[in-house]
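S.K.: Dropping a structure here in structure tokens format, bear with me for questions.
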Amino acid sequence: MRIGVKPVQALLCAIPLLLGNSAATVERGVDAETGLRSWEWREAGVVLRLVQRLPDQTRAFFQARGFSDAAADRIADACIFQTVFRNESERPLSYSLDDWRVLHGGERGTLVTRERWDAAWQEGEASQAARIALRWSLLPTRQRFEPGDYNWGMSGFGLPPGSVFDLELVVRLGDEHMTRTVGGIECAPDREGI
Amino acid sequence: MRRLLVAALLMLSALPAAAQQAGTGLTRLDDAPPAPDFSLLDMDGAVYRLSDYRGRVVIVNFWATWCPPCREEMPSMQRAWEQLQAEGIVMLGINVGEDEDTIFQFTADYPVDFPLPMDRDSAVTGLWPVRGLPTTFVVDPAGRLVYQAIGSREWDDPALLDLVRALR
């Protein structure tokens with residue numbers, strides 16, 4: 001192993017797949033150290049990377065920020081991914097998660113965005129500080145990236161642990177409206193190992 | 001306990017290093033809107049008002065301790081600050097939604113000298129055009145938002161610092 005390369009990076013196993021558009025690729029990976037799976041869609045300089053988060057991982061994160069056990073469970077069981085969205089193109093990139101669809105079991109669902117979480121809490125279930133932490137740790141619902149910009153954030157797909165779904169994503173790159181489907185994304189199972 | 005340890009390990013290793021590369025450049029905001037003023041305390045009780053810095057260039061960074069790219073850019077922000085402070089340029093790292101203890105513990109691992117005002121209820125952050133963390137703005141001496149960067153940057157990049165210095 002080369003000095004300076006983290007083990008998690010060196011052990012990453014990736015399988016490139018082609019979408020319908022020949023310029024687009026989806027790279028599926030399995031982290032050999034953690035077992036977490038990832039999906040990276042890349043097209044025309046737009047990169048969306050989804051990495052599984054185990055429910056335990058998400059539960060611990062939000063319990064540490066003031067959510068009750070029950071509230072942290074609700075978030076943890078909502079199929080949460082760590083998300084990196086980058087604009088490596090030369091054009092502005094914009095999106096609204098409200099336009100994206102979660103295709104599962106013949107249904108077209110929506111992502112669980114900041115606004116949906118804000119509306120979901122019952123009184124006493126989550127402190128103001130906890131809600132602030134959740135709001136800012138989620139991928140922004142709407143964003144405009146200039147070239148070179150990117151965000152990290154969690155994204156919630158509202159499905160039970162272990163579910164498999166297709167993601168229909170919609171972005172605008174410059175004047176181009178792009179709708180693409182990334183298939184076979186797997187919510188992390190609700191157990192320690194994968 | 002074991003479940004928590006596993007979770008902690010996964011938090012640290014959930015994304016490969018390749019996904020952590022910094023963004024590039026600064027975006028010029030052509031309409032240069034006025035920067036919303038604020039008055040915020042840091043963990044030592046010192047008050048920071050943006051309007052106190054009128055006439056100077058101010059770099060305003062919004063961040064949180066749990067945000068990986070925010071942590072990633074802190075060392076380069078410190079290096080940039082070491083170059084810029086003697087030139088009269090101000091750097092403020094506004095923490096979003098956390099308390100003194102959390103920030104104090106963070107600075108043990110990420111020692112920085114520039115001020116870290118706290119926006120405990122994120123009310124100030126909500127007044128600025130911030131949608132995700134980190135987001136950084138460069139405010140010109142007239143108090144206008146001139147540049148924006150969404151995502152982390154290598155803040156001691158000479159090309160980037162030249163843009164900031166040119167606003168003086």
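Quick note on naming: the chains in the structure tokens go A, B, ... in the order shown, residues restart at 1 in each chain, and ligands are numbered from 1 in order of appearance.
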Just asking: which residues within chain B are helix (DSSP H, G or I) according to DSSP, as number ranges by chain?
M.R.: B: 2-13, 17-20, 50-53, 68-87, 100-109, 123-127, 158-165
S.K.: How close does each residue of region 36-143 of chain A get to region 130-135 of chain B, giving the shortest atom pair and distance in Å to one decimal for every residue with an atom at most 9 Å away, counting only C-alpha atoms, sorted by chain and residue number, as a tab-separated table?
M.R.:
```
residue	atom	partner	partner_atom	distance
A:Trp136	CA	B:Gly132	CA	6.4
A:Ser137	CA	B:Leu133	CA	8.0
A:Leu138	CA	B:Gly132	CA	8.1
A:Leu139	CA	B:Gly132	CA	6.9
A:Pro140	CA	B:Arg131	CA	5.7
A:Thr141	CA	B:Arg131	CA	8.2
A:Arg142	CA	B:Arg131	CA	7.7
A:Gln143	CA	B:Arg131	CA	6.8
```
S.K.: Taking N, CA and C atoms for each residue, export the selection above as an mmCIF file, in the first residue's frame.
M.R.:
```cif
data_model
loop_
_atom_site.group_PDB
_atom_site.id
_atom_site.type_symbol
_atom_site.label_atom_id
_atom_site.label_comp_id
_atom_site.auth_asym_id
_atom_site.auth_seq_id
_atom_site.Cartn_x
_atom_site.Cartn_y
_atom_site.Cartn_z
ATOM 1 N N TRP A 136 -29.235 21.536 8.765
ATOM 2 C CA TRP A 136 -27.991 21.886 8.080
ATOM 3 C C TRP A 136 -27.159 20.675 7.696
ATOM 4 N N SER A 137 -27.475 19.512 8.260
ATOM 5 C CA SER A 137 -26.724 18.311 7.876
ATOM 6 C C SER A 137 -27.325 17.630 6.650
ATOM 7 N N LEU A 138 -28.515 18.057 6.245
ATOM 8 C CA LEU A 138 -29.136 17.487 5.044
ATOM 9 C C LEU A 138 -28.677 18.226 3.799
ATOM 10 N N LEU A 139 -28.637 17.514 2.690
ATOM 11 C CA LEU A 139 -28.332 18.162 1.415
ATOM 12 C C LEU A 139 -29.374 19.257 1.183
ATOM 13 N N PRO A 140 -28.957 20.454 0.770
ATOM 14 C CA PRO A 140 -29.942 21.517 0.543
ATOM 15 C C PRO A 140 -31.030 21.066 -0.424
ATOM 16 N N THR A 141 -32.251 21.472 -0.153
ATOM 17 C CA THR A 141 -33.365 21.079 -1.021
ATOM 18 C C THR A 141 -33.217 21.692 -2.408
ATOM 19 N N ARG A 142 -32.765 22.932 -2.431
ATOM 20 C CA ARG A 142 -32.517 23.597 -3.711
ATOM 21 C C ARG A 142 -31.124 24.213 -3.643
ATOM 22 N N GLN A 143 -30.414 24.159 -4.760
ATOM 23 C CA GLN A 143 -29.070 24.717 -4.748
ATOM 24 C C GLN A 143 -28.689 25.122 -6.163
#
```
S.K.: Each residue of chain A with at least one atom at most 8 Å from chain B should appear once, together with its nearest atom pair and the corresponding distance in Å (one decimal); atoms considered: only C-alpha atoms; ordering: chain, then increasing residue number; output as a Markdown table.
M.R.:
```
| residue | atom | partner | partner_atom | distance |
| --- | --- | --- | --- | --- |
| A:Lys6 | CA | B:Ala17 | CA | 7.2 |
| A:Val8 | CA | B:Pro16 | CA | 6.1 |
| A:Gln9 | CA | B:Pro16 | CA | 5.0 |
| A:Thr34 | CA | B:Leu10 | CA | 6.7 |
| A:Leu36 | CA | B:Ala14 | CA | 7.4 |
| A:Val51 | CA | B:Leu15 | CA | 7.0 |
| A:Gln52 | CA | B:Ala14 | CA | 7.9 |
| A:Arg53 | CA | B:Ala14 | CA | 7.5 |
| A:Leu54 | CA | B:Ala7 | CA | 7.8 |
| A:Asp56 | CA | B:Ala7 | CA | 6.0 |
| A:Gln57 | CA | B:Ala7 | CA | 4.3 |
| A:Thr58 | CA | B:Ala7 | CA | 7.9 |
| A:Ala60 | CA | B:Leu4 | CA | 6.6 |
| A:Gln82 | CA | B:Ala14 | CA | 7.9 |
| A:Val84 | CA | B:Ala19 | CA | 7.3 |
| A:Gln128 | CA | B:Asp121 | CA | 7.6 |
| A:Ala129 | CA | B:Gly97 | CA | 6.3 |
| A:Ile132 | CA | B:Gly97 | CA | 6.1 |
| A:Ala133 | CA | B:Gly97 | CA | 6.7 |
| A:Trp136 | CA | B:Gly132 | CA | 6.4 |
| A:Ser137 | CA | B:Cys67 | CA | 7.4 |
| A:Leu139 | CA | B:Gly132 | CA | 6.9 |
| A:Pro140 | CA | B:Arg131 | CA | 5.7 |
| A:Arg142 | CA | B:Arg131 | CA | 7.7 |
| A:Gln143 | CA | B:Arg131 | CA | 6.8 |
| A:Phe145 | CA | B:Ile150 | CA | 7.2 |
| A:Glu146 | CA | B:Thr27 | CA | 6.8 |
| A:Pro147 | CA | B:Thr24 | CA | 7.7 |
| A:Gly148 | CA | B:Thr24 | CA | 4.5 |
| A:Asp149 | CA | B:Ile150 | CA | 5.0 |
| A:Tyr150 | CA | B:Gly151 | CA | 5.0 |
| A:Asn151 | CA | B:Gly151 | CA | 5.4 |
| A:Trp152 | CA | B:Pro69 | CA | 7.4 |
| A:Gly153 | CA | B:Gly132 | CA | 7.9 |
| A:Glu192 | CA | B:Arg3 | CA | 7.0 |
```
S.K.: Could you turn the residues from that selection into a file that holds C-alpha atoms, as a short mmCIF file (atom, residue, chain, number, x, y, z; two decimals), in the first residue's frame?
M.R.:
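For reference, selection.cif as written:
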```cif
data_model
loop_
_atom_site.label_atom_id
_atom_site.label_comp_id
_atom_site.auth_asym_id
_atom_site.auth_seq_id
_atom_site.Cartn_x
_atom_site.Cartn_y
_atom_site.Cartn_z
CA LYS A 6 -5.97 5.72 3.24
CA VAL A 8 -10.51 2.78 2.75
CA GLN A 9 -9.54 4.37 -0.53
CA THR A 34 -16.80 -0.88 6.20
CA LEU A 36 -20.78 0.36 2.83
CA VAL A 51 -22.78 6.45 0.14
CA GLN A 52 -24.84 4.26 2.43
CA ARG A 53 -25.14 5.21 6.08
CA LEU A 54 -26.04 2.42 8.46
CA ASP A 56 -26.92 2.81 13.69
CA GLN A 57 -24.53 5.41 12.31
CA THR A 58 -27.30 7.92 11.65
CA ALA A 60 -25.88 7.86 16.93
CA GLN A 82 -24.23 10.56 2.70
CA VAL A 84 -21.63 14.61 -2.30
CA GLN A 128 -34.54 23.61 18.42
CA ALA A 129 -30.82 22.80 18.49
CA ILE A 132 -30.99 23.04 13.39
CA ALA A 133 -28.44 20.22 13.28
CA TRP A 136 -27.99 21.89 8.08
CA SER A 137 -26.72 18.31 7.88
CA LEU A 139 -28.33 18.16 1.41
CA PRO A 140 -29.94 21.52 0.54
CA ARG A 142 -32.52 23.60 -3.71
CA GLN A 143 -29.07 24.72 -4.75
CA PHE A 145 -23.60 25.50 -7.95
CA GLU A 146 -21.25 27.62 -9.96
CA PRO A 147 -18.28 25.79 -11.52
CA GLY A 148 -16.08 24.44 -8.74
CA ASP A 149 -18.82 24.41 -6.08
CA TYR A 150 -20.08 21.39 -4.19
CA ASN A 151 -22.04 20.33 -1.11
CA TRP A 152 -21.99 17.43 1.25
CA GLY A 153 -25.11 16.43 3.08
CA GLU A 192 -23.98 -3.66 12.14
#
```
S.K.: As a ChimeraX atom specification, please: the residues near Met118 (chain B) (cut-off 6 Å, only C-alpha atoms, same-chain neighbours under 4 positions excluded).
M.R.: /B:41-42,94-95
S.K.: Save the residues we just selected, C-alpha atoms, as a PDB file, in the first residue's frame?
M.R.:
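Below you can see part37.pdb, which holds the result:
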```
ATOM      1  CA  LEU B  41     -20.732  36.351  20.484  1.00  0.00           C
ATOM      2  CA  ASP B  42     -17.814  33.959  20.349  1.00  0.00           C
ATOM      3  CA  ILE B  94     -19.513  31.723  11.975  1.00  0.00           C
ATOM      4  CA  ASN B  95     -20.466  28.457  13.629  1.00  0.00           C
TER       5      ASN B  95
END
```
S.K.: Could you check how far CA of Ile59 (chain B) sits from CA of Ile103 (chain B), in Å to one decimal?
M.R.: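 About the pair CA of Ile59 (chain B) and CA of Ile103 (chain B): they are 19.4 Å apart.
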S.K.: Need the shell around Glu43 (chain A): protein/DNA/RNA residues with any atom at most 9 Å away, counting only C-alpha atoms. Skip same-chain ones fewer than 3 positions apart. Format as a ChimeraX atom specification?
M.R.: /A:21,23-26,46-47
S.K.: Skip region 108-119 of chain A itself and residues of its chain fewer than 5 positions away, then list as a VMD selection string all residues within 10 Å of it, counting only C-alpha atoms.
M.R.: chain A and resid 75 78 to 80 97 to 103 126 131 to 132 134 to 142 154 to 159 166 to 168
S.K.: Can I get the residues of region 58-151 of chain B within 6 Å of region 34-38 of chain B, each with the closest pair of atoms and their distance in Å to one decimal, using only C-alpha atoms, sorted chain first then ascending number, as a Markdown table?
M.R.:
```
| residue | atom | partner | partner_atom | distance |
| --- | --- | --- | --- | --- |
| B:Gly143 | CA | B:Ala35 | CA | 5.8 |
| B:Arg144 | CA | B:Pro34 | CA | 4.3 |
| B:Leu145 | CA | B:Ala35 | CA | 5.5 |
```
